[in-house]
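The next block is target-v7.pdb, given as PDB, C-alpha atoms.
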ATOM      1  CA  MET E 183       0.000   0.000   0.000
ATOM      2  CA  PRO E 184       1.425   3.415  -0.887
ATOM      3  CA  GLY E 185       2.595   5.429   2.081
ATOM      4  CA  GLN E 186       2.983   2.360   4.264
ATOM      5  CA  SER E 187       6.197   1.144   5.819
ATOM      6  CA  ALA E 188       6.551  -2.235   7.465
ATOM      7  CA  PRO E 189       6.831  -2.475  11.259
ATOM      8  CA  ARG E 190      10.023  -3.876  12.716
ATOM      9  CA  ARG E 191      10.170  -7.658  12.419
ATOM     10  CA  ASP E 192      12.935  -8.396  14.912
ATOM     11  CA  THR E 193      10.468  -9.641  17.546
ATOM     12  CA  ALA E 194       7.223 -11.424  16.774
ATOM     13  CA  VAL E 195       4.015  -9.598  17.610
ATOM     14  CA  ARG E 196       2.051 -11.490  20.246
ATOM     15  CA  GLY E 197      -0.659  -8.949  20.907
ATOM     16  CA  VAL E 198      -2.526  -6.123  19.197
ATOM     17  CA  ILE E 199      -3.749  -3.193  21.293
ATOM     18  CA  LEU E 200      -6.388  -0.968  19.732
ATOM     19  CA  ASP E 201      -7.811   2.421  20.561
ATOM     20  CA  PHE E 202     -11.594   2.451  21.050
ATOM     21  CA  TYR E 203     -13.382   5.590  19.793
ATOM     22  CA  GLY E 204     -12.521   6.486  16.202
ATOM     23  CA  THR E 205     -10.764   3.147  15.705
ATOM     24  CA  LEU E 206     -13.351   0.527  16.636
ATOM     25  CA  VAL E 207     -16.497   2.573  17.234
ATOM     26  CA  ARG E 208     -18.192   5.766  16.071
ATOM     27  CA  LEU E 209     -21.040   7.944  17.304
ATOM     28  CA  VAL E 210     -24.473   7.358  15.798
ATOM     29  CA  ASP E 211     -27.823   9.125  16.144
ATOM     30  CA  PRO E 212     -29.420  10.167  18.365
ATOM     31  CA  LEU E 213     -26.497  12.313  19.461
ATOM     32  CA  PRO E 214     -26.323  13.490  23.084
ATOM     33  CA  PRO E 215     -27.612  16.986  23.897
ATOM     34  CA  SER E 216     -25.075  19.732  23.394
ATOM     35  CA  HIS E 217     -23.533  21.341  26.430
ATOM     36  CA  ARG E 218     -24.744  24.699  25.193
ATOM     37  CA  SER E 219     -28.344  23.516  25.242
ATOM     38  CA  LEU E 220     -27.973  22.499  28.890
ATOM     39  CA  PHE E 221     -26.662  25.968  29.763
ATOM     40  CA  LEU E 222     -29.399  27.733  27.814
ATOM     41  CA  ARG E 223     -32.061  25.626  29.498
ATOM     42  CA  ARG E 224     -31.003  27.373  32.707
ATOM     43  CA  GLY E 225     -30.754  30.828  31.148
ATOM     44  CA  LEU E 226     -26.927  30.801  31.279
ATOM     45  CA  ALA E 227     -26.084  32.120  27.812
ATOM     46  CA  GLU E 228     -22.987  34.082  28.854
ATOM     47  CA  ALA E 229     -21.583  31.129  30.765
ATOM     48  CA  ALA E 230     -22.294  28.915  27.755
ATOM     49  CA  ASP E 231     -20.193  31.234  25.576
ATOM     50  CA  ARG E 232     -17.306  30.937  28.054
ATOM     51  CA  TRP E 233     -17.638  27.141  28.337
ATOM     52  CA  GLY E 234     -16.380  26.526  24.803
ATOM     53  CA  ASP E 235     -15.912  23.173  23.093
ATOM     54  CA  GLN E 236     -17.846  20.459  24.913
ATOM     55  CA  TRP E 237     -15.358  17.820  23.780
ATOM     56  CA  ALA E 238     -12.443  19.591  25.484
ATOM     57  CA  VAL E 239     -13.683  19.781  29.065
ATOM     58  CA  GLY E 240     -12.366  16.459  30.369
ATOM     59  CA  PRO E 241      -8.848  15.520  31.466
ATOM     60  CA  ARG E 242      -6.096  16.514  29.053
ATOM     61  CA  GLU E 243      -4.222  14.088  26.841
ATOM     62  CA  GLY E 244      -1.287  12.731  28.801
ATOM     63  CA  GLU E 245      -2.729  13.840  32.151
ATOM     64  CA  GLN E 246      -1.955  11.665  35.156
ATOM     65  CA  HIS E 247      -4.720  11.391  37.762
ATOM     66  CA  ALA E 248      -3.832   8.244  39.691
ATOM     67  CA  VAL E 249      -4.854   9.795  43.004
ATOM     68  CA  HIS E 250      -8.408  10.082  41.679
ATOM     69  CA  SER E 251      -8.495   6.605  40.125
ATOM     70  CA  THR E 252      -8.311   4.549  43.306
ATOM     71  CA  SER E 253     -11.984   3.566  43.036
ATOM     72  CA  GLU E 254     -15.006   4.144  40.828
ATOM     73  CA  ARG E 255     -16.609   6.326  43.496
ATOM     74  CA  THR E 256     -13.516   8.497  43.835
ATOM     75  CA  TYR E 257     -13.131   8.884  40.089
ATOM     76  CA  ARG E 258     -16.780   9.785  39.492
ATOM     77  CA  ALA E 259     -16.629  12.373  42.269
ATOM     78  CA  TRP E 260     -13.558  13.898  40.596
ATOM     79  CA  GLU E 261     -15.314  14.010  37.214
ATOM     80  CA  LEU E 262     -18.252  15.902  38.709
ATOM     81  CA  ASP E 263     -16.025  18.260  40.690
ATOM     82  CA  ARG E 264     -13.988  19.146  37.587
ATOM     83  CA  LEU E 265     -17.173  20.091  35.745
ATOM     84  CA  ARG E 266     -18.567  22.014  38.714
ATOM     85  CA  ARG E 267     -15.378  24.031  39.166
ATOM     86  CA  ARG E 268     -15.204  24.800  35.455
ATOM     87  CA  ALA E 269     -18.829  25.921  35.517
ATOM     88  CA  LEU E 270     -18.117  28.246  38.434
ATOM     89  CA  ALA E 271     -15.133  29.697  36.556
ATOM     90  CA  CYS E 272     -17.437  30.363  33.600
ATOM     91  CA  GLY E 273     -19.798  32.407  35.775
ATOM     92  CA  VAL E 274     -22.405  29.823  36.744
ATOM     93  CA  PRO E 275     -23.907  30.716  40.151
ATOM     94  CA  GLU E 276     -22.922  28.383  42.992
ATOM     95  CA  PRO E 277     -26.425  26.906  43.543
ATOM     96  CA  ALA E 278     -26.693  25.957  39.858
ATOM     97  CA  ALA E 279     -23.154  24.629  39.381
ATOM     98  CA  GLY E 280     -23.663  21.210  40.987
ATOM     99  CA  PRO E 281     -26.895  20.286  39.178
ATOM    100  CA  LEU E 282     -25.472  21.594  35.894
ATOM    101  CA  ALA E 283     -22.317  19.513  36.356
ATOM    102  CA  ALA E 284     -24.452  16.399  36.883
ATOM    103  CA  ASP E 285     -26.405  17.112  33.691
ATOM    104  CA  LEU E 286     -23.204  17.740  31.721
ATOM    105  CA  ASP E 287     -21.688  14.515  33.007
ATOM    106  CA  ARG E 288     -24.758  12.527  31.927
ATOM    107  CA  ALA E 289     -24.717  14.149  28.502
ATOM    108  CA  MET E 290     -21.032  13.354  27.976
ATOM    109  CA  LYS E 291     -21.690   9.681  28.692
ATOM    110  CA  ASP E 292     -25.006   9.319  26.874
ATOM    111  CA  LEU E 293     -23.301   8.039  23.751
ATOM    112  CA  ARG E 294     -24.792   5.780  21.091
ATOM    113  CA  LEU E 295     -21.927   3.829  19.600
ATOM    114  CA  ALA E 296     -21.677   1.491  16.636
ATOM    115  CA  LEU E 297     -18.825  -0.586  15.272
ATOM    116  CA  PHE E 298     -17.117   0.343  12.051
ATOM    117  CA  ASP E 299     -17.942  -2.278   9.441
ATOM    118  CA  ASP E 300     -14.410  -3.659   9.266
ATOM    119  CA  VAL E 301     -14.034  -4.322  12.993
ATOM    120  CA  PRO E 302     -15.595  -7.769  13.647
ATOM    121  CA  ALA E 303     -13.768  -9.570  10.846
ATOM    122  CA  ALA E 304     -10.459  -7.839  11.594
ATOM    123  CA  LEU E 305     -10.512  -8.741  15.291
ATOM    124  CA  ALA E 306     -11.703 -12.269  14.568
ATOM    125  CA  ALA E 307      -8.749 -12.738  12.205
ATOM    126  CA  LEU E 308      -6.330 -11.616  14.925
ATOM    127  CA  ARG E 309      -7.882 -13.959  17.472
ATOM    128  CA  ALA E 310      -7.780 -16.838  14.977
ATOM    129  CA  ARG E 311      -3.998 -16.388  14.782
ATOM    130  CA  GLY E 312      -3.683 -16.750  18.544
ATOM    131  CA  LEU E 313      -2.903 -13.081  19.192
ATOM    132  CA  THR E 314      -3.994 -11.284  22.337
ATOM    133  CA  VAL E 315      -6.457  -8.516  21.438
ATOM    134  CA  ALA E 316      -6.756  -5.541  23.777
ATOM    135  CA  VAL E 317      -8.497  -2.178  23.850
ATOM    136  CA  CYS E 318      -6.743   0.814  25.426
ATOM    137  CA  SER E 319      -8.669   4.057  25.498
ATOM    138  CA  ASN E 320      -8.921   7.500  27.040
ATOM    139  CA  TRP E 321     -12.417   6.679  28.276
ATOM    140  CA  PHE E 322     -14.740   6.719  31.249
ATOM    141  CA  TRP E 323     -14.700   4.157  34.074
ATOM    142  CA  ASP E 324     -16.905   1.566  32.378
ATOM    143  CA  LEU E 325     -14.989   0.833  29.174
ATOM    144  CA  ASP E 326     -15.582  -2.893  29.691
ATOM    145  CA  ARG E 327     -19.326  -2.276  29.566
ATOM    146  CA  ALA E 328     -19.002  -0.170  26.416
ATOM    147  CA  VAL E 329     -16.970  -2.935  24.767
ATOM    148  CA  GLU E 330     -19.681  -5.434  25.651
ATOM    149  CA  ASP E 331     -22.523  -3.166  24.536
ATOM    150  CA  VAL E 332     -21.134  -2.845  21.009
ATOM    151  CA  GLY E 333     -20.725  -6.608  20.708
ATOM    152  CA  LEU E 334     -16.969  -6.989  21.165
ATOM    153  CA  ALA E 335     -16.865  -8.937  24.415
ATOM    154  CA  GLY E 336     -16.048 -12.193  22.626
ATOM    155  CA  LEU E 337     -13.304 -10.624  20.516
ATOM    156  CA  VAL E 338     -11.400  -8.619  23.147
ATOM    157  CA  ASP E 339      -9.233 -10.177  25.856
ATOM    158  CA  VAL E 340      -8.298  -7.025  27.792
ATOM    159  CA  ALA E 341      -9.863  -3.555  28.096
ATOM    160  CA  VAL E 342      -7.929  -0.763  29.807
ATOM    161  CA  THR E 343      -9.422   2.672  30.318
ATOM    162  CA  SER E 344      -7.558   5.790  31.403
ATOM    163  CA  ALA E 345     -10.105   6.273  34.191
ATOM    164  CA  ARG E 346      -8.924   3.110  35.953
ATOM    165  CA  ALA E 347      -5.287   3.197  34.848
ATOM    166  CA  GLY E 348      -4.805   6.646  36.376
ATOM    167  CA  ALA E 349      -3.455   8.393  33.284
ATOM    168  CA  ARG E 350      -4.485   9.229  29.764
ATOM    169  CA  LYS E 351      -2.589   8.352  26.612
ATOM    170  CA  PRO E 352       0.147   9.214  25.776
ATOM    171  CA  HIS E 353       1.227   9.001  29.432
ATOM    172  CA  PRO E 354       3.460   5.925  29.914
ATOM    173  CA  LEU E 355       1.385   4.660  32.849
ATOM    174  CA  ILE E 356      -1.553   3.587  30.701
ATOM    175  CA  TYR E 357       0.715   1.742  28.262
ATOM    176  CA  ARG E 358       2.442   0.002  31.150
ATOM    177  CA  THR E 359      -0.955  -1.015  32.531
ATOM    178  CA  VAL E 360      -2.298  -2.508  29.313
ATOM    179  CA  LEU E 361       0.918  -4.370  28.575
ATOM    180  CA  ALA E 362       0.936  -5.830  32.081
ATOM    181  CA  GLU E 363      -2.655  -6.999  31.753
ATOM    182  CA  CYS E 364      -1.831  -8.584  28.391
ATOM    183  CA  GLY E 365       1.342 -10.212  29.739
ATOM    184  CA  LEU E 366       3.391  -8.611  26.974
ATOM    185  CA  ARG E 367       6.665  -6.751  26.697
ATOM    186  CA  PRO E 368       6.539  -3.531  24.648
ATOM    187  CA  GLU E 369       8.380  -5.074  21.698
ATOM    188  CA  GLN E 370       5.751  -7.840  21.508
ATOM    189  CA  ALA E 371       2.849  -5.420  21.027
ATOM    190  CA  LEU E 372       1.404  -3.554  18.081
ATOM    191  CA  PHE E 373      -0.686  -0.480  18.950
ATOM    192  CA  VAL E 374      -3.390   0.640  16.512
ATOM    193  CA  GLY E 375      -5.317   3.902  16.539
ATOM    194  CA  ASP E 376      -6.504   6.945  14.658
ATOM    195  CA  MET E 377      -4.870   9.697  16.743
ATOM    196  CA  TRP E 378      -1.198  10.471  16.253
ATOM    197  CA  GLU E 379       0.139  11.326  19.716
ATOM    198  CA  PRO E 380      -1.883   8.881  21.862
ATOM    199  CA  ASP E 381      -1.923   5.980  19.399
ATOM    200  CA  VAL E 382       1.301   6.269  17.413
ATOM    201  CA  ALA E 383       3.924   8.581  18.923
ATOM    202  CA  GLY E 384       3.195   7.524  22.504
ATOM    203  CA  PRO E 385       3.337   3.771  21.895
ATOM    204  CA  LEU E 386       6.499   4.141  19.779
ATOM    205  CA  ALA E 387       8.179   6.094  22.578
ATOM    206  CA  TYR E 388       7.272   3.293  24.978
ATOM    207  CA  GLY E 389       8.893   0.665  22.760
ATOM    208  CA  MET E 390       5.867  -0.711  20.940
ATOM    209  CA  ARG E 391       5.239  -0.808  17.234
ATOM    210  CA  ALA E 392       2.346   1.273  15.992
ATOM    211  CA  VAL E 393      -0.175   1.492  13.168
ATOM    212  CA  HIS E 394      -1.825   4.784  12.269
ATOM    213  CA  LEU E 395      -5.403   4.147  11.133
ATOM    214  CA  ARG E 396      -6.429   6.923   8.760
ATOM    215  CA  ARG E 397      -9.912   6.154   7.502
ATOM    216  CA  PRO E 398     -10.681   8.141   4.299
ATOM    217  CA  ASP E 399     -14.038   9.384   5.632
ATOM    218  CA  ARG E 400     -12.675  10.384   9.059
ATOM    219  CA  VAL E 401      -9.286  11.899   8.280
ATOM    220  CA  VAL E 402      -8.063  14.482  10.775
ATOM    221  CA  ALA E 403      -7.441  17.816   9.074
ATOM    222  CA  GLY E 404      -3.967  18.357   7.696
ATOM    223  CA  ALA E 405      -1.314  16.129   6.232
ATOM    224  CA  ALA E 406      -0.493  12.884   7.991
ATOM    225  CA  PRO E 407       2.846  12.996   9.838
ATOM    226  CA  PRO E 408       5.718  11.104   8.221
ATOM    227  CA  LEU E 409       6.000   7.515   9.394
ATOM    228  CA  PRO E 410       8.942   6.881  11.722
ATOM    229  CA  ASP E 411      10.657   3.541  12.044
ATOM    230  CA  GLY E 412       8.369   0.963  13.626
ATOM    231  CA  ALA E 413       5.145   2.494  12.312
ATOM    232  CA  ALA E 414       2.747   1.793   9.455
ATOM    233  CA  ARG E 415      -0.352   3.502   8.114
ATOM    234  CA  ILE E 416      -3.553   1.826   6.923
ATOM    235  CA  ALA E 417      -6.923   3.014   5.668
ATOM    236  CA  SER E 418      -8.942   0.111   7.060
ATOM    237  CA  LEU E 419      -8.545  -2.516   9.757
ATOM    238  CA  THR E 420      -8.854  -5.133   7.023
ATOM    239  CA  ALA E 421      -5.187  -4.402   6.241
ATOM    240  CA  LEU E 422      -4.090  -5.078   9.808
ATOM    241  CA  SER E 423      -3.548  -8.834   9.612
ATOM    242  CA  ALA E 424      -0.861  -8.370   6.951
ATOM    243  CA  LEU E 425       1.248  -6.395   9.446
ATOM    244  CA  VAL E 426       1.461  -8.995  12.209
TER     245      VAL E 426
END

Hey, can you dump this file as C-alpha cells for me?
Amino acid sequence: MPGQSAPRRDTAVRGVILDFYGTLVRLVDPLPPSHRSLFLRRGLAEAADRWGDQWAVGPREGEQHAVHSTSERTYRAWELDRLRRRALACGVPEPAAGPLAADLDRAMKDLRLALFDDVPAALAALRARGLTVAVCSNWFWDLDRAVEDVGLAGLVDVAVTSARAGARKPHPLIYRTVLAECGLRPEQALFVGDMWEPDVAGPLAYGMRAVHLRRPDRVVAGAAPPLPDGAARIASLTALSALV
C-alpha cells in the first residue's frame, strides 16, 4: 500500500492493542444533547459562551490522575467536581453549578456507539492467529461495559481505560498497565489507533510498534505525519492482519 512502511520484524508480535473511539467505534444518532443547550435551558447564555468546546472539558491528553483513580466512586466524584469548578469559573452561580455539572456529566456519557464495518472480521482474524487482542482508550470508568454493549466482548481479551489506569494516553502509565494486563513486553505489542500522539507517537516512545489508522471518511485535518521507524499507516482494519 502506498505510504505504508513495514513495522520492525525483529520480535514477533504477540498482541494487538487498539484504541476504542474512532478506531473501533463511532457515534451514531441520536447524538447526546449539546452542552450549550444544557446551559441555555437554565438561562446561562454568557456562561455557555465561556464554556467553549464540549469535547475539550475532560482531562487533558497525557494527564496523570492516579490519586483520583483509586476507586469508581472516587473517580466519578472527581469528574463531577472538575465540571462544577469549570462551571463556576465560567460564571455559573454556585447553587446551579452542581446540578449543571451532573447534567453535563450525563450528557457526555449518553453516547450511542456502533462498530465500524471492518471491525468484527479484523478482530476475529487476529484472534484466529492466537494473538492477544486488547483495547486501550482515554475513556470513562466503564470501558468494559461499552466494549460489551457494542458486541466486542467475545473478541477482546483485555480492556484498559484511562479512568482506571490513572493516566491518559500518551502518558506511559496507561501503556504500562495494558501491557501488564496482556502479559506482553513492549516489543511484543502492536498499537493501533486513529490519533497520532496517543496511538502512534506515545506507543512508539514506549517501545511498541504502531499502526496509524487513517480512515478516508474520518481523516483528521492536515497532512499525515511522516512515518517513523516501527510504524505503518492503513486506511482500514482489514489491512491489519498483513502487518502482524

(request) Within 6 Å of range 334-345 of chain E, counting only C-alpha atoms, which residues show up once you throw out same-chain ones fewer than 6 positions away? Write them as a PyMOL selection string, please. (result) chain E and resi 315-323+325-326+360

Translate the PyMOL selection byres ((chain E and resi 284-288) around 10) into a concrete residue list for this structure, as a PDB file with C-alpha atoms, in the coordinates of the input.
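Output contents, as saved in result.pdb:
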ATOM      1  CA  PRO E 214     -26.323  13.490  23.084  1.00  0.00           C
ATOM      2  CA  PRO E 215     -27.612  16.986  23.897  1.00  0.00           C
ATOM      3  CA  SER E 216     -25.075  19.732  23.394  1.00  0.00           C
ATOM      4  CA  HIS E 217     -23.533  21.341  26.430  1.00  0.00           C
ATOM      5  CA  ARG E 218     -24.744  24.699  25.193  1.00  0.00           C
ATOM      6  CA  LEU E 220     -27.973  22.499  28.890  1.00  0.00           C
ATOM      7  CA  PHE E 221     -26.662  25.968  29.763  1.00  0.00           C
ATOM      8  CA  GLN E 236     -17.846  20.459  24.913  1.00  0.00           C
ATOM      9  CA  GLY E 240     -12.366  16.459  30.369  1.00  0.00           C
ATOM     10  CA  ARG E 258     -16.780   9.785  39.492  1.00  0.00           C
ATOM     11  CA  GLU E 261     -15.314  14.010  37.214  1.00  0.00           C
ATOM     12  CA  LEU E 262     -18.252  15.902  38.709  1.00  0.00           C
ATOM     13  CA  ASP E 263     -16.025  18.260  40.690  1.00  0.00           C
ATOM     14  CA  LEU E 265     -17.173  20.091  35.745  1.00  0.00           C
ATOM     15  CA  ARG E 266     -18.567  22.014  38.714  1.00  0.00           C
ATOM     16  CA  ALA E 279     -23.154  24.629  39.381  1.00  0.00           C
ATOM     17  CA  GLY E 280     -23.663  21.210  40.987  1.00  0.00           C
ATOM     18  CA  PRO E 281     -26.895  20.286  39.178  1.00  0.00           C
ATOM     19  CA  LEU E 282     -25.472  21.594  35.894  1.00  0.00           C
ATOM     20  CA  ALA E 283     -22.317  19.513  36.356  1.00  0.00           C
ATOM     21  CA  ALA E 289     -24.717  14.149  28.502  1.00  0.00           C
ATOM     22  CA  MET E 290     -21.032  13.354  27.976  1.00  0.00           C
ATOM     23  CA  LYS E 291     -21.690   9.681  28.692  1.00  0.00           C
ATOM     24  CA  ASP E 292     -25.006   9.319  26.874  1.00  0.00           C
ATOM     25  CA  LEU E 293     -23.301   8.039  23.751  1.00  0.00           C
TER      26      LEU E 293
END

(request) Point out the residue among E:Pro368, E:Gly375, E:Pro212, E:Gly234 with the least atom-to-atom distance to Leu422 in chain E, counting all atoms listed in the file. (result) E:Gly375

(message) Give me the residues near range 390-395 of chain E as a PyMOL selection string, where near means some atom within 9 Å (using all atoms listed in the file) and where sequence neighbours in that chain fewer than 3 positions away do not count.
(response) chain E and resi 189-190+195+205+367-378+381-387+409+411-419+422+425

Expected file: the selected residues, C-alpha atoms, as a tab-separated table (two decimals), keeping the file's coordinate frame:
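What ended up in out29.tsv:
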chain	number	residue	atom	x	y	z
E	189	PRO	CA	6.83	-2.48	11.26
E	190	ARG	CA	10.02	-3.88	12.72
E	195	VAL	CA	4.01	-9.60	17.61
E	205	THR	CA	-10.76	3.15	15.70
E	367	ARG	CA	6.66	-6.75	26.70
E	368	PRO	CA	6.54	-3.53	24.65
E	369	GLU	CA	8.38	-5.07	21.70
E	370	GLN	CA	5.75	-7.84	21.51
E	371	ALA	CA	2.85	-5.42	21.03
E	372	LEU	CA	1.40	-3.55	18.08
E	373	PHE	CA	-0.69	-0.48	18.95
E	374	VAL	CA	-3.39	0.64	16.51
E	375	GLY	CA	-5.32	3.90	16.54
E	376	ASP	CA	-6.50	6.94	14.66
E	377	MET	CA	-4.87	9.70	16.74
E	378	TRP	CA	-1.20	10.47	16.25
E	381	ASP	CA	-1.92	5.98	19.40
E	382	VAL	CA	1.30	6.27	17.41
E	383	ALA	CA	3.92	8.58	18.92
E	384	GLY	CA	3.20	7.52	22.50
E	385	PRO	CA	3.34	3.77	21.90
E	386	LEU	CA	6.50	4.14	19.78
E	387	ALA	CA	8.18	6.09	22.58
E	409	LEU	CA	6.00	7.52	9.39
E	411	ASP	CA	10.66	3.54	12.04
E	412	GLY	CA	8.37	0.96	13.63
E	413	ALA	CA	5.14	2.49	12.31
E	414	ALA	CA	2.75	1.79	9.46
E	415	ARG	CA	-0.35	3.50	8.11
E	416	ILE	CA	-3.55	1.83	6.92
E	417	ALA	CA	-6.92	3.01	5.67
E	418	SER	CA	-8.94	0.11	7.06
E	419	LEU	CA	-8.54	-2.52	9.76
E	422	LEU	CA	-4.09	-5.08	9.81
E	425	LEU	CA	1.25	-6.40	9.45

(message) Report, in Å with one decimal, the straight-line distance from CA of Pro277 in chain E to CA of Arg264 in chain E.
(response) 15.8 Å

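What separates CA of Thr359 in chain E from CA of Arg346 in chain E is a distance of 9.6 Å.
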
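The space separating CA of Leu209 in chain E from CA of Val332 in chain E comes to 11.4 Å.
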
(request) May I ask which of the residues E:Gly348, E:Glu379, E:Leu295, E:Arg396 is the closest one to His250 in chain E, counting only C-alpha atoms? (result) E:Gly348

(request) Would you write out, as JSON, numbers by chain, every residue that the PyMOL selection byres ((chain E and resi 233) around 10) captures in this file? (result) {"E": [217, 218, 221, 227, 228, 229, 230, 231, 232, 234, 235, 236, 238, 239, 268, 269, 271, 272, 273]}

Take the selection from the previous step and output its residues with C-alpha atoms, as a compact mmCIF listing (two decimals), in the coordinates of the input.
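So again.txt came out as:
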# COMPACT_ATOMS: atom_id res chain seq x y z
CA HIS E 217 -23.53 21.34 26.43
CA ARG E 218 -24.74 24.70 25.19
CA PHE E 221 -26.66 25.97 29.76
CA ALA E 227 -26.08 32.12 27.81
CA GLU E 228 -22.99 34.08 28.85
CA ALA E 229 -21.58 31.13 30.76
CA ALA E 230 -22.29 28.92 27.76
CA ASP E 231 -20.19 31.23 25.58
CA ARG E 232 -17.31 30.94 28.05
CA GLY E 234 -16.38 26.53 24.80
CA ASP E 235 -15.91 23.17 23.09
CA GLN E 236 -17.85 20.46 24.91
CA ALA E 238 -12.44 19.59 25.48
CA VAL E 239 -13.68 19.78 29.06
CA ARG E 268 -15.20 24.80 35.46
CA ALA E 269 -18.83 25.92 35.52
CA ALA E 271 -15.13 29.70 36.56
CA CYS E 272 -17.44 30.36 33.60
CA GLY E 273 -19.80 32.41 35.78

(message) Nearest residue to Thr314 in chain E out of E:Arg358, E:Trp260, E:Pro380, E:Leu366, using all atoms listed in the file?
(response) E:Leu366

Around all listed atoms of range 229-241 of chain E, padded 5 Å per side, what centre and edge lengths does the axis-aligned box have in Å to one decimal, as AutoDock Vina command-line options?
--center_x -15.6 --center_y 23.4 --center_z 27.3 --size_x 23.4 --size_y 25.7 --size_z 18.4

(request) Would you write out, as a ChimeraX atom specification, every residue that the PyMOL selection byres ((chain E and resi 301) around 12) captures in this file? (result) /E:200-202,204-208,296-300,302-308,332-334,337-338,418-423
